>>> print(open('query_25.cif').read())   # mmCIF, C-alpha atoms and all ligand atoms
data_run
#
loop_
_atom_site.label_atom_id
_atom_site.label_comp_id
_atom_site.auth_asym_id
_atom_site.auth_seq_id
_atom_site.Cartn_x
_atom_site.Cartn_y
_atom_site.Cartn_z
CA MET A 1 20.29 5.49 -12.04
CA PRO A 2 19.53 3.64 -8.79
CA GLY A 3 15.86 3.53 -7.98
CA TYR A 4 14.79 0.65 -5.72
CA ALA A 5 11.13 -0.28 -5.48
CA VAL A 6 9.48 -1.79 -2.40
CA ILE A 7 6.22 -3.35 -3.56
CA GLY A 8 3.37 -5.02 -1.69
CA GLY A 9 3.14 -8.59 -2.96
CA GLN A 10 -0.24 -9.50 -1.45
CA TRP A 11 -3.39 -7.56 -0.49
CA GLY A 12 -1.59 -4.70 1.25
CA ASP A 13 -0.60 -4.47 4.93
CA GLU A 14 2.52 -6.58 4.33
CA GLY A 15 4.64 -4.38 6.60
CA LYS A 16 6.11 -2.13 3.91
CA GLY A 17 6.33 0.82 6.35
CA LYS A 18 8.79 -0.98 8.59
CA ILE A 19 10.92 -2.17 5.67
CA ILE A 20 11.03 1.27 4.08
CA ASP A 21 12.03 2.86 7.41
CA TYR A 22 14.74 0.16 7.75
CA LEU A 23 16.16 0.82 4.26
CA ALA A 24 15.65 4.59 4.13
CA GLY A 25 18.86 5.39 5.99
CA ARG A 26 20.77 4.29 2.86
CA VAL A 27 18.97 6.50 0.34
CA ASP A 28 18.55 10.19 -0.43
CA ALA A 29 14.79 10.17 -0.94
CA VAL A 30 11.75 8.02 -0.29
CA VAL A 31 8.99 8.60 -2.82
CA ARG A 32 5.32 7.53 -2.86
CA TYR A 33 3.92 6.92 -6.32
CA GLY A 34 0.31 5.84 -5.84
CA GLY A 35 -2.70 5.43 -3.60
CA GLY A 36 -3.75 7.99 -1.05
CA SER A 37 -4.72 8.12 2.59
CA ASN A 38 -6.17 4.59 2.25
CA ALA A 39 -2.60 3.43 3.01
CA GLY A 40 -1.57 2.95 6.63
CA HIS A 41 2.17 2.48 7.07
CA THR A 42 3.39 1.78 10.59
CA VAL A 43 6.93 2.76 11.50
CA VAL A 44 8.52 1.91 14.86
CA ASN A 45 11.98 3.27 15.64
CA ASP A 46 13.97 5.07 18.34
CA LYS A 47 11.78 8.17 17.84
CA GLY A 48 8.54 6.31 18.60
CA THR A 49 5.65 4.69 16.72
CA PHE A 50 4.22 6.50 13.69
CA GLN A 51 1.12 5.67 11.65
CA LEU A 52 1.57 7.32 8.27
CA HIS A 53 -1.18 7.56 5.65
CA MET A 54 0.22 10.22 3.31
CA VAL A 55 3.79 11.02 4.35
CA PRO A 56 6.46 8.63 2.95
CA SER A 57 7.83 6.21 5.54
CA GLY A 58 11.46 7.44 5.44
CA ILE A 59 10.58 10.74 7.12
CA CYS A 60 12.25 9.85 10.41
CA TRP A 61 15.72 9.81 8.83
CA PRO A 62 17.31 13.28 8.88
CA GLY A 63 18.40 14.44 5.44
CA VAL A 64 16.21 11.95 3.56
CA ALA A 65 13.70 13.76 1.35
CA GLY A 66 10.08 12.55 1.34
CA ILE A 67 8.33 13.00 -1.99
CA ILE A 68 4.66 12.49 -2.85
CA GLY A 69 4.59 11.89 -6.60
CA ASN A 70 2.05 12.80 -9.26
CA GLY A 71 0.40 9.36 -9.10
CA VAL A 72 -0.76 9.82 -5.50
CA VAL A 73 -4.19 11.25 -4.67
CA VAL A 74 -3.63 13.70 -1.84
CA ASP A 75 -5.90 14.16 1.13
CA ALA A 76 -4.55 17.56 2.16
CA ASP A 77 -6.23 17.49 5.60
CA VAL A 78 -4.59 14.15 6.40
CA LEU A 79 -1.23 15.26 5.00
CA LEU A 80 -1.25 18.55 6.94
CA GLY A 81 -2.36 16.72 10.11
CA GLU A 82 0.56 14.29 9.76
CA LEU A 83 3.03 17.12 9.13
CA SER A 84 1.85 18.95 12.27
CA GLU A 85 2.12 15.80 14.36
CA LEU A 86 5.60 15.00 13.04
CA ASP A 87 6.73 18.60 13.70
CA ALA A 88 5.36 18.39 17.25
CA ARG A 89 7.35 15.17 17.78
CA GLY A 90 10.58 16.79 16.61
CA ILE A 91 10.78 15.22 13.12
CA ASP A 92 12.00 17.60 10.42
CA THR A 93 9.41 17.89 7.64
CA SER A 94 10.98 20.70 5.62
CA ASN A 95 12.27 18.00 3.23
CA LEU A 96 8.75 16.84 2.29
CA PHE A 97 7.58 17.68 -1.23
CA VAL A 98 4.29 17.15 -3.07
CA SER A 99 3.89 17.01 -6.82
CA GLU A 100 1.99 19.90 -8.38
CA ARG A 101 0.53 17.25 -10.72
CA ALA A 102 -0.88 15.06 -7.93
CA HIS A 103 -4.68 15.05 -7.72
CA LEU A 104 -6.53 16.18 -4.62
CA ILE A 105 -9.12 14.13 -2.76
CA MET A 106 -11.95 16.66 -2.46
CA PRO A 107 -14.77 16.58 0.12
CA TYR A 108 -17.21 15.30 -2.54
CA HIS A 109 -14.93 12.32 -3.22
CA VAL A 110 -15.16 11.21 0.40
CA LEU A 111 -18.95 11.66 0.38
CA LEU A 112 -19.34 9.78 -2.92
CA ASP A 113 -17.14 6.93 -1.67
CA GLU A 114 -19.61 6.43 1.19
CA LEU A 115 -22.74 6.83 -0.97
CA GLU A 116 -21.46 4.49 -3.71
CA GLU A 117 -20.50 1.80 -1.20
CA LYS A 118 -23.97 1.94 0.37
CA ALA A 119 -25.55 1.68 -3.07
CA ARG A 120 -23.47 -1.44 -3.89
CA GLY A 121 -25.23 -3.29 -1.06
CA ASP A 122 -24.12 -6.92 -0.84
CA SER A 123 -21.42 -6.44 -3.46
CA ALA A 124 -19.75 -3.57 -1.60
CA ILE A 125 -15.99 -3.47 -2.15
CA GLY A 126 -15.30 -2.63 1.48
CA THR A 127 -13.32 0.52 0.62
CA THR A 128 -11.48 2.48 3.27
CA GLY A 129 -13.98 5.32 2.78
CA ARG A 130 -11.19 7.84 2.13
CA GLY A 131 -12.48 9.03 -1.25
CA VAL A 132 -9.62 7.40 -3.13
CA GLY A 133 -11.70 5.62 -5.82
CA PRO A 134 -13.83 8.67 -6.71
CA ALA A 135 -10.68 10.86 -6.87
CA TYR A 136 -9.06 8.50 -9.40
CA VAL A 137 -12.34 8.37 -11.36
CA ASP A 138 -12.18 12.15 -11.73
CA LYS A 139 -8.49 12.03 -12.63
CA THR A 140 -9.07 9.67 -15.57
CA GLY A 141 -12.38 11.42 -16.35
CA ARG A 142 -10.38 14.68 -16.65
CA MET A 143 -12.44 16.37 -13.98
CA GLY A 144 -9.86 16.30 -11.20
CA ILE A 145 -8.38 19.16 -9.21
CA ARG A 146 -4.59 19.04 -8.90
CA VAL A 147 -2.34 20.22 -6.09
CA GLY A 148 -0.82 22.90 -8.36
CA ASP A 149 -4.31 24.31 -9.01
CA LEU A 150 -4.42 25.46 -5.38
CA LEU A 151 -1.86 28.13 -6.28
CA ASP A 152 -3.82 29.45 -9.26
CA VAL A 153 -7.28 30.20 -7.89
CA GLU A 154 -8.93 32.54 -10.39
CA SER A 155 -7.87 31.08 -13.71
CA THR A 156 -7.72 27.38 -12.75
CA LEU A 157 -9.09 26.30 -9.37
CA ARG A 158 -12.37 28.24 -9.31
CA PRO A 159 -13.57 27.44 -12.88
CA ARG A 160 -12.55 23.79 -12.62
CA LEU A 161 -14.20 23.41 -9.23
CA GLU A 162 -17.39 25.12 -10.44
CA GLN A 163 -17.60 22.67 -13.32
CA ALA A 164 -16.82 19.59 -11.22
CA LEU A 165 -19.08 20.53 -8.32
CA ALA A 166 -22.10 21.24 -10.57
CA PHE A 167 -21.75 17.70 -11.88
CA LYS A 168 -21.06 16.14 -8.46
CA ASN A 169 -23.89 17.96 -6.74
CA ALA A 170 -26.32 16.74 -9.41
CA LEU A 171 -25.13 13.19 -8.69
CA ILE A 172 -25.26 13.65 -4.92
CA THR A 173 -28.76 15.17 -4.86
CA LYS A 174 -30.51 13.46 -7.79
CA ILE A 175 -29.07 9.95 -7.69
CA TYR A 176 -28.19 9.55 -4.03
CA GLU A 177 -30.73 12.01 -2.57
CA ALA A 178 -28.12 13.49 -0.24
CA GLU A 179 -27.32 17.13 0.48
CA ALA A 180 -25.39 19.29 -1.97
CA LEU A 181 -21.97 20.66 -0.96
CA SER A 182 -21.24 24.38 -0.91
CA ILE A 183 -18.63 25.72 -3.31
CA GLN A 184 -17.66 28.49 -0.88
CA ASP A 185 -16.90 25.97 1.88
CA ILE A 186 -14.65 24.05 -0.51
CA LEU A 187 -12.91 27.20 -1.77
CA ASP A 188 -12.24 28.25 1.85
CA LYS A 189 -10.74 24.83 2.54
CA CYS A 190 -8.60 25.09 -0.59
CA ALA A 191 -7.33 28.53 0.52
CA ASP A 192 -6.24 27.05 3.83
CA TRP A 193 -4.56 24.07 2.08
CA ALA A 194 -2.79 26.41 -0.36
CA ALA A 195 -1.38 28.59 2.40
CA ARG A 196 -0.02 25.66 4.38
CA LEU A 197 1.10 23.39 1.52
CA ALA A 198 2.71 26.05 -0.72
CA PRO A 199 6.27 25.59 0.60
CA HIS A 200 6.04 21.86 -0.13
CA ILE A 201 4.62 21.99 -3.69
CA GLN A 202 7.11 21.19 -6.48
CA ALA A 203 7.58 19.74 -9.94
CA THR A 204 8.63 16.52 -8.20
CA GLU A 205 9.30 14.60 -11.43
CA GLN A 206 12.19 17.05 -11.97
CA THR A 207 13.39 16.67 -8.37
CA ILE A 208 13.45 12.87 -8.73
CA GLN A 209 15.03 12.95 -12.19
CA ASP A 210 17.76 15.28 -10.83
CA LEU A 211 18.45 12.93 -7.92
CA LEU A 212 18.72 9.95 -10.27
CA ALA A 213 20.95 11.89 -12.68
CA GLN A 214 23.32 12.58 -9.76
CA ASP A 215 23.37 8.83 -9.01
CA LYS A 216 21.57 9.34 -5.70
CA ALA A 217 19.61 6.37 -4.36
CA VAL A 218 15.83 6.71 -4.35
CA LEU A 219 13.44 4.30 -2.63
CA LEU A 220 10.10 3.92 -4.39
CA GLU A 221 7.49 3.26 -1.70
CA GLY A 222 4.63 1.05 -2.79
CA ALA A 223 1.24 1.40 -1.14
CA GLN A 224 -1.45 -1.34 -1.01
CA GLY A 225 -0.46 -4.53 -2.82
CA THR A 226 -0.28 -6.15 -6.25
CA LEU A 227 -3.45 -8.20 -5.68
CA LEU A 228 -5.31 -4.90 -5.17
CA ASP A 229 -3.94 -3.41 -8.41
CA ILE A 230 -6.64 -1.92 -10.65
CA ASP A 231 -5.31 -3.95 -13.63
CA HIS A 232 -3.62 -6.95 -12.08
CA GLY A 233 -5.63 -7.48 -8.89
CA SER A 234 -8.86 -9.34 -8.14
CA TYR A 235 -11.04 -6.83 -10.03
CA PRO A 236 -13.47 -5.31 -9.04
CA TYR A 237 -12.36 -5.96 -5.45
CA VAL A 238 -9.33 -3.76 -5.86
CA THR A 239 -8.17 -0.24 -5.17
CA SER A 240 -8.25 2.36 -7.96
CA SER A 241 -4.52 2.80 -8.49
CA SER A 242 -1.56 0.71 -9.73
CA PRO A 243 0.40 -0.52 -6.70
CA SER A 244 2.52 -2.80 -8.90
CA VAL A 245 5.88 -1.53 -10.14
CA GLY A 246 4.51 -0.18 -13.43
CA GLY A 247 2.65 2.39 -11.36
CA ALA A 248 5.97 3.76 -10.11
CA CYS A 249 7.08 4.94 -13.57
CA ILE A 250 3.74 6.61 -14.27
CA GLY A 251 3.30 7.91 -10.74
CA LEU A 252 6.71 9.57 -10.52
CA GLY A 253 7.68 10.44 -14.09
CA ILE A 254 10.71 8.15 -14.32
CA PRO A 255 11.70 5.56 -16.93
CA PRO A 256 11.68 1.79 -16.21
CA GLN A 257 15.46 1.55 -16.57
CA ALA A 258 15.79 3.87 -13.54
CA ILE A 259 14.63 0.98 -11.36
CA ALA A 260 17.58 -1.21 -10.41
CA GLY A 261 15.83 -3.53 -7.96
CA VAL A 262 12.28 -4.55 -7.10
CA VAL A 263 11.69 -6.16 -3.72
CA GLY A 264 8.33 -7.71 -3.03
CA VAL A 265 7.13 -7.59 0.56
CA PHE A 266 5.06 -10.56 1.76
CA LYS A 267 3.75 -11.56 5.15
CA ALA A 268 4.69 -15.09 6.17
CA TYR A 269 0.92 -15.75 5.98
CA SER A 270 -1.86 -13.77 4.22
CA THR A 271 -4.33 -11.07 5.20
CA ARG A 272 -6.96 -9.12 3.35
CA VAL A 273 -9.32 -6.31 4.38
CA GLY A 274 -12.56 -5.64 2.56
CA GLY A 275 -14.48 -7.85 0.13
CA GLY A 276 -13.35 -10.19 -2.64
CA PRO A 277 -12.04 -13.74 -2.95
CA MET A 278 -9.07 -15.02 -0.97
CA PRO A 279 -8.44 -18.71 -1.76
CA SER A 280 -6.24 -19.51 1.25
CA GLU A 281 -8.51 -17.78 3.79
CA ILE A 282 -8.96 -19.62 7.08
CA PHE A 283 -11.60 -19.30 9.78
CA GLY A 284 -12.20 -20.46 13.32
CA GLU A 285 -9.77 -20.75 16.21
CA THR A 286 -6.53 -20.65 14.20
CA ALA A 287 -7.58 -17.50 12.31
CA GLU A 288 -8.90 -15.77 15.42
CA GLY A 289 -5.83 -16.67 17.46
CA LEU A 290 -3.50 -15.39 14.76
CA ARG A 291 -5.54 -12.17 14.35
CA GLU A 292 -5.28 -11.42 18.07
CA THR A 293 -1.59 -12.37 18.44
CA ALA A 294 -0.65 -10.32 15.40
CA HIS A 295 -3.18 -7.58 16.07
CA GLU A 296 -4.45 -7.88 12.50
CA TYR A 297 -6.75 -4.87 12.43
CA GLY A 298 -6.63 -2.21 9.69
CA THR A 299 -4.36 0.77 10.41
CA THR A 300 -6.67 3.08 8.47
CA THR A 301 -10.11 1.73 9.37
CA GLY A 302 -9.59 -0.52 12.42
CA ARG A 303 -11.47 -3.33 10.64
CA PRO A 304 -10.49 -6.92 11.50
CA ARG A 305 -8.34 -8.33 8.70
CA ARG A 306 -9.23 -11.64 7.08
CA ILE A 307 -6.54 -14.27 7.71
CA GLY A 308 -5.10 -17.00 5.48
CA TRP A 309 -2.07 -19.20 4.90
CA PHE A 310 0.71 -18.07 2.56
CA ASP A 311 -0.57 -18.33 -1.01
CA ALA A 312 2.37 -19.26 -3.23
CA VAL A 313 0.25 -19.23 -6.43
CA ALA A 314 -0.70 -15.59 -5.87
CA ALA A 315 2.83 -14.75 -4.71
CA LYS A 316 4.42 -16.19 -7.86
CA TYR A 317 1.94 -14.22 -9.97
CA SER A 318 2.91 -11.10 -8.06
CA ARG A 319 6.59 -11.83 -8.61
CA LEU A 320 6.01 -12.08 -12.37
CA VAL A 321 3.86 -8.94 -12.65
CA ASN A 322 6.54 -6.91 -10.88
CA GLY A 323 9.75 -8.63 -12.03
CA MET A 324 10.75 -8.98 -8.40
CA THR A 325 14.49 -9.29 -7.83
CA GLY A 326 14.15 -10.18 -4.15
CA LEU A 327 11.61 -10.96 -1.45
CA VAL A 328 11.04 -9.58 2.02
CA LEU A 329 9.24 -11.91 4.41
CA THR A 330 7.60 -10.11 7.33
CA ARG A 331 5.95 -11.29 10.56
CA LEU A 332 7.65 -14.67 10.56
CA ASP A 333 7.58 -14.46 14.39
CA ILE A 334 3.76 -14.58 14.34
CA LEU A 335 3.96 -18.23 13.26
CA ASP A 336 6.15 -19.15 16.28
CA GLY A 337 4.51 -21.91 18.30
CA PHE A 338 2.14 -23.21 15.59
CA PRO A 339 2.27 -27.04 15.55
CA SER A 340 2.31 -26.86 11.74
CA VAL A 341 2.04 -24.22 9.02
CA LYS A 342 0.46 -24.55 5.60
CA VAL A 343 1.34 -23.08 2.21
CA CYS A 344 -1.11 -22.98 -0.67
CA VAL A 345 0.71 -24.48 -3.67
CA GLY A 346 -2.16 -24.73 -6.17
CA TYR A 347 -5.89 -24.29 -6.59
CA GLN A 348 -8.57 -26.80 -7.41
CA VAL A 349 -11.86 -26.07 -9.22
CA ASP A 350 -14.27 -28.90 -10.06
CA GLY A 351 -11.54 -31.48 -9.69
CA GLN A 352 -9.19 -29.57 -12.03
CA ARG A 353 -5.87 -28.18 -10.79
CA ILE A 354 -5.06 -24.52 -11.51
CA ASP A 355 -1.52 -23.24 -11.02
CA ARG A 356 -2.09 -19.65 -12.10
CA PHE A 357 -3.86 -16.77 -10.40
CA PRO A 358 -7.07 -16.39 -12.47
CA SER A 359 -8.26 -13.02 -13.78
CA ASN A 360 -11.92 -14.02 -13.46
CA THR A 361 -13.05 -13.14 -9.96
CA SER A 362 -15.90 -15.66 -9.84
CA LEU A 363 -13.42 -18.40 -10.83
CA LEU A 364 -11.02 -17.14 -8.15
CA ALA A 365 -13.88 -17.36 -5.65
CA GLN A 366 -14.35 -21.05 -6.52
CA CYS A 367 -10.66 -21.91 -6.10
CA GLN A 368 -10.07 -24.41 -3.32
CA PRO A 369 -6.54 -24.30 -1.92
CA ILE A 370 -4.19 -27.26 -2.31
CA TYR A 371 -1.98 -27.17 0.77
CA GLU A 372 1.46 -28.37 1.66
CA GLU A 373 1.84 -28.78 5.42
CA HIS A 374 5.14 -28.00 7.13
CA PRO A 375 6.13 -28.81 10.71
CA GLY A 376 6.07 -25.75 12.97
CA TRP A 377 8.73 -24.52 15.38
CA SER A 378 8.52 -23.92 19.11
CA GLN A 379 11.79 -22.01 19.55
CA PRO A 380 11.01 -18.31 18.91
CA THR A 381 12.12 -16.42 15.81
CA ALA A 382 10.91 -13.16 17.39
CA SER A 383 13.64 -10.49 17.43
CA ALA A 384 16.16 -12.72 15.60
CA THR A 385 18.78 -10.72 13.73
CA SER A 386 20.66 -13.48 11.91
CA LEU A 387 19.74 -16.63 10.00
CA SER A 388 21.70 -18.74 12.50
CA GLN A 389 19.14 -17.78 15.17
CA LEU A 390 16.26 -19.32 13.20
CA PRO A 391 15.04 -22.79 14.16
CA GLU A 392 15.55 -25.41 11.47
CA ASN A 393 11.84 -25.73 10.62
CA ALA A 394 11.45 -21.94 10.24
CA MET A 395 14.45 -21.95 7.90
CA SER A 396 12.93 -24.77 5.82
CA TYR A 397 9.67 -22.81 5.62
CA VAL A 398 11.53 -19.73 4.31
CA ASN A 399 13.49 -21.86 1.83
CA ARG A 400 10.30 -23.47 0.53
CA ILE A 401 8.68 -20.06 -0.03
CA GLU A 402 11.75 -18.93 -1.98
CA GLU A 403 11.52 -22.05 -4.11
CA LEU A 404 7.78 -21.76 -4.78
CA VAL A 405 7.86 -18.04 -5.58
CA GLY A 406 11.09 -18.36 -7.56
CA CYS A 407 12.97 -15.50 -5.94
CA PRO A 408 15.54 -15.17 -3.12
CA VAL A 409 14.51 -13.85 0.29
CA GLN A 410 16.68 -10.81 1.03
CA ILE A 411 15.16 -9.64 4.30
CA ILE A 412 13.22 -11.39 7.08
CA SER A 413 11.37 -9.24 9.59
CA THR A 414 11.06 -10.75 13.07
CA GLY A 415 9.33 -7.91 14.93
CA PRO A 416 8.02 -4.35 14.49
CA ASN A 417 11.22 -2.56 15.54
CA ARG A 418 13.83 -1.44 13.04
CA GLU A 419 16.43 -3.71 14.66
CA GLU A 420 14.28 -6.85 14.54
CA THR A 421 15.45 -7.65 11.04
CA ILE A 422 17.57 -10.29 9.33
CA GLU A 423 19.26 -8.95 6.24
CA VAL A 424 20.15 -12.03 4.24
CA SER A 425 21.56 -10.04 1.34
CA ARG A 426 21.67 -6.30 0.73
CA VAL A 427 18.70 -4.81 -1.14
CA ILE A 428 20.55 -1.52 -1.62
CA PRO A 429 24.30 -2.02 -2.13
P1 LIG B 1 -10.08 1.89 -1.47
O1 LIG B 1 -8.65 1.88 -1.87
O2 LIG B 1 -10.35 2.66 -0.21
O3 LIG B 1 -10.98 2.28 -2.58
O4 LIG B 1 -10.49 0.38 -1.11
C1 LIG B 1 -10.54 -0.66 -2.10
C2 LIG B 1 -10.05 -1.99 -1.52
O5 LIG B 1 -8.65 -1.90 -1.22
C3 LIG B 1 -10.73 -2.38 -0.19
O6 LIG B 1 -10.80 -3.79 -0.14
C4 LIG B 1 -9.73 -1.90 0.86
O7 LIG B 1 -9.85 -2.60 2.07
C5 LIG B 1 -8.42 -2.19 0.16
N1 LIG B 1 -7.31 -1.32 0.60
C6 LIG B 1 -7.09 -0.03 0.25
N2 LIG B 1 -5.97 0.41 0.83
C7 LIG B 1 -5.47 -0.61 1.55
C8 LIG B 1 -4.29 -0.76 2.35
O8 LIG B 1 -3.46 0.14 2.50
N3 LIG B 1 -4.13 -1.98 2.93
C9 LIG B 1 -4.99 -3.01 2.74
N4 LIG B 1 -6.09 -2.91 2.00
C10 LIG B 1 -6.33 -1.72 1.40
#
>>> encode(input="query_25.cif", output="structure tokens")
Amino acid sequence: MPGYAVIGGQWGDEGKGKIIDYLAGRVDAVVRYGGGSNAGHTVVNDKGTFQLHMVPSGICWPGVAGIIGNGVVVDADVLLGELSELDARGIDTSNLFVSERAHLIMPYHVLLDELEEKARGDSAIGTTGRGVGPAYVDKTGRMGIRVGDLLDVESTLRPRLEQALAFKNALITKIYEAEALSIQDILDKCADWAARLAPHIQATEQTIQDLLAQDKAVLLEGAQGTLLDIDHGSYPYVTSSSPSVGGACIGLGIPPQAIAGVVGVFKAYSTRVGGGPMPSEIFGETAEGLRETAHEYGTTTGRPRRIGWFDAVAAKYSRLVNGMTGLVLTRLDILDGFPSVKVCVGYQVDGQRIDRFPSNTSLLAQCQPIYEEHPGWSQPTASATSLSQLPENAMSYVNRIEELVGCPVQIISTGPNREETIEVSRVIP
């Protein structure tokens, strides 16, 4: 049963969109299992540049199904907007399916995301403001509205919405002193969503199980990254879902043994958007230069991303949490021309060395990076398509990352285009 997972190994934005688009030509379906429209996956290929927040990144390949699993929280406006844009650009979207079990991001979730962030003041998480956290709160609080409910208005959608909105409006007006939302406006919106989404709604766990039973290859598309995982990330500065591989079983309805390979995607350096500790963060000229060269601004929010050196302690932790079988190193070309590059190989707190990624966020915030410095390379790696085109120092840098993380590098990305890729060994046979 060949499922292959592509997982973010850092704080998201590792370039998963490009890698999934690159690999998707070899599979029958690309499936999203978690997160929502907080994700921003950029795909650049012969059909153009696409910024996808809800639609799985394999959509540009004809005949490859795109499936949004039960673990995703669906912003139907964003999804429908993306489908219209893809249709207008000549991409077939009839093969896109959404789980009837997936939860919907409702207008009150977006409003509460904003109100809660304001109320957090200095300890704001720096969310994407897409309503993702509040939608997952309602899912686990058993107050959520699911995609399938859109098709059953009188006996499911209306009573559940009445109950949820009474509670939400009390919160919105009494705690946050904001304006209540109208149930009729939301029901009208739901009617529009139902009409347009109906042909795409399915029991997707069955679709995926059928594909796997027929020995078809399925690519499991991670969103965000392991260090943002609700359980395994730098809590509370995390997202509200499980981007690590465990989330794929829950978020799709498949067993662990269906997953034959787990590739972890890492940038050749680190970035983070939003609040929370980042031990290998750097500031000043080097960080600013790298941010501009690499255009490190959020795809979803446009916020400048924080910049850091590659953190091998966090990366090894990520490898262990996910049981990674291979690594993908992206944006190696961004480091071209640096006189030297650093890798964080340990942390130091009060003179004591720490070699593990701590669960305590205030301890993580005190961690000072212990760096190893490697000579840079002046000959470009940009657009390289084989290992023999890499300068010696770039190759040593890649080899050292493999050694520190304890996993072989299978793909190196040397530019945003599909072709700018070195496939060291095949992720999907
Ligand atoms: P939320 O997922 O919008 O609730 O945001 C929670 C945290 O996760 C914030 O620090 C966000 O910046 C971060 N985050 C959420 N989605 C992404 C992503 O796709 N890439 C990078 N960071 C993300």
>>> residues_around(input="query_25.cif", residues="Pro304 of chain A", least_positions_apart="3", cutoff="12 Å", atoms="only C-alpha atoms", output="PDB file with C-alpha atoms, keeping the file's coordinate frame")
ATOM      1  CA  GLY A 126     -15.300  -2.630   1.480  1.00  0.00           C
ATOM      2  CA  THR A 271      -4.330 -11.070   5.200  1.00  0.00           C
ATOM      3  CA  ARG A 272      -6.960  -9.120   3.350  1.00  0.00           C
ATOM      4  CA  VAL A 273      -9.320  -6.310   4.380  1.00  0.00           C
ATOM      5  CA  GLY A 274     -12.560  -5.640   2.560  1.00  0.00           C
ATOM      6  CA  ALA A 287      -7.580 -17.500  12.310  1.00  0.00           C
ATOM      7  CA  GLU A 288      -8.900 -15.770  15.420  1.00  0.00           C
ATOM      8  CA  LEU A 290      -3.500 -15.390  14.760  1.00  0.00           C
ATOM      9  CA  ARG A 291      -5.540 -12.170  14.350  1.00  0.00           C
ATOM     10  CA  GLU A 292      -5.280 -11.420  18.070  1.00  0.00           C
ATOM     11  CA  ALA A 294      -0.650 -10.320  15.400  1.00  0.00           C
ATOM     12  CA  HIS A 295      -3.180  -7.580  16.070  1.00  0.00           C
ATOM     13  CA  GLU A 296      -4.450  -7.880  12.500  1.00  0.00           C
ATOM     14  CA  TYR A 297      -6.750  -4.870  12.430  1.00  0.00           C
ATOM     15  CA  GLY A 298      -6.630  -2.210   9.690  1.00  0.00           C
ATOM     16  CA  THR A 299      -4.360   0.770  10.410  1.00  0.00           C
ATOM     17  CA  THR A 300      -6.670   3.080   8.470  1.00  0.00           C
ATOM     18  CA  THR A 301     -10.110   1.730   9.370  1.00  0.00           C
ATOM     19  CA  ILE A 307      -6.540 -14.270   7.710  1.00  0.00           C
TER      20      ILE A 307
END
>>> closest_residue(input="query_25.cif", among="A:Gly225, A:Pro279, A:Gly9, A:Gly63", to="ligand LIG 1 (chain B)", atoms="all atoms listed in the file")
A:Gly225
>>> residues_near_ligand(input="query_25.cif", ligand="ligand LIG 1 (chain B)", cutoff="9 Å", atoms="all atoms listed in the file", output="ChimeraX atom specification")
/A:11-14,35-41,53,113,125-134,223-225,228-229,236-241,271-276,298-301,303,305
>>> write_last_selection(input="query_25.cif", atoms="C-alpha atoms", output="short mmCIF file (atom, residue, chain, number, x, y, z; two decimals), keeping the file's coordinate frame")
data_model
loop_
_atom_site.label_atom_id
_atom_site.label_comp_id
_atom_site.auth_asym_id
_atom_site.auth_seq_id
_atom_site.Cartn_x
_atom_site.Cartn_y
_atom_site.Cartn_z
CA TRP A 11 -3.39 -7.56 -0.49
CA GLY A 12 -1.59 -4.70 1.25
CA ASP A 13 -0.60 -4.47 4.93
CA GLU A 14 2.52 -6.58 4.33
CA GLY A 35 -2.70 5.43 -3.60
CA GLY A 36 -3.75 7.99 -1.05
CA SER A 37 -4.72 8.12 2.59
CA ASN A 38 -6.17 4.59 2.25
CA ALA A 39 -2.60 3.43 3.01
CA GLY A 40 -1.57 2.95 6.63
CA HIS A 41 2.17 2.48 7.07
CA HIS A 53 -1.18 7.56 5.65
CA ASP A 113 -17.14 6.93 -1.67
CA ILE A 125 -15.99 -3.47 -2.15
CA GLY A 126 -15.30 -2.63 1.48
CA THR A 127 -13.32 0.52 0.62
CA THR A 128 -11.48 2.48 3.27
CA GLY A 129 -13.98 5.32 2.78
CA ARG A 130 -11.19 7.84 2.13
CA GLY A 131 -12.48 9.03 -1.25
CA VAL A 132 -9.62 7.40 -3.13
CA GLY A 133 -11.70 5.62 -5.82
CA PRO A 134 -13.83 8.67 -6.71
CA ALA A 223 1.24 1.40 -1.14
CA GLN A 224 -1.45 -1.34 -1.01
CA GLY A 225 -0.46 -4.53 -2.82
CA LEU A 228 -5.31 -4.90 -5.17
CA ASP A 229 -3.94 -3.41 -8.41
CA PRO A 236 -13.47 -5.31 -9.04
CA TYR A 237 -12.36 -5.96 -5.45
CA VAL A 238 -9.33 -3.76 -5.86
CA THR A 239 -8.17 -0.24 -5.17
CA SER A 240 -8.25 2.36 -7.96
CA SER A 241 -4.52 2.80 -8.49
CA THR A 271 -4.33 -11.07 5.20
CA ARG A 272 -6.96 -9.12 3.35
CA VAL A 273 -9.32 -6.31 4.38
CA GLY A 274 -12.56 -5.64 2.56
CA GLY A 275 -14.48 -7.85 0.13
CA GLY A 276 -13.35 -10.19 -2.64
CA GLY A 298 -6.63 -2.21 9.69
CA THR A 299 -4.36 0.77 10.41
CA THR A 300 -6.67 3.08 8.47
CA THR A 301 -10.11 1.73 9.37
CA ARG A 303 -11.47 -3.33 10.64
CA ARG A 305 -8.34 -8.33 8.70
#
>>> residues_around(input="query_25.cif", residues="Ser94 of chain A", least_positions_apart="3", cutoff="10 Å", atoms="all atoms listed in the file", output="ChimeraX atom specification")
/A:63,65-66,83,87,91,97,199-200
>>> atom_distance(input="query_25.cif", atom1="atom CA of Asp350 of chain A", atom2="atom CA of Thr286 of chain A")
26.8 Å
>>> closest_residue(input="query_25.cif", among="A:Asp215, A:Glu372, A:Glu402, A:Asp138", to="Phe167 of chain A", atoms="all atoms listed in the file")
A:Asp138
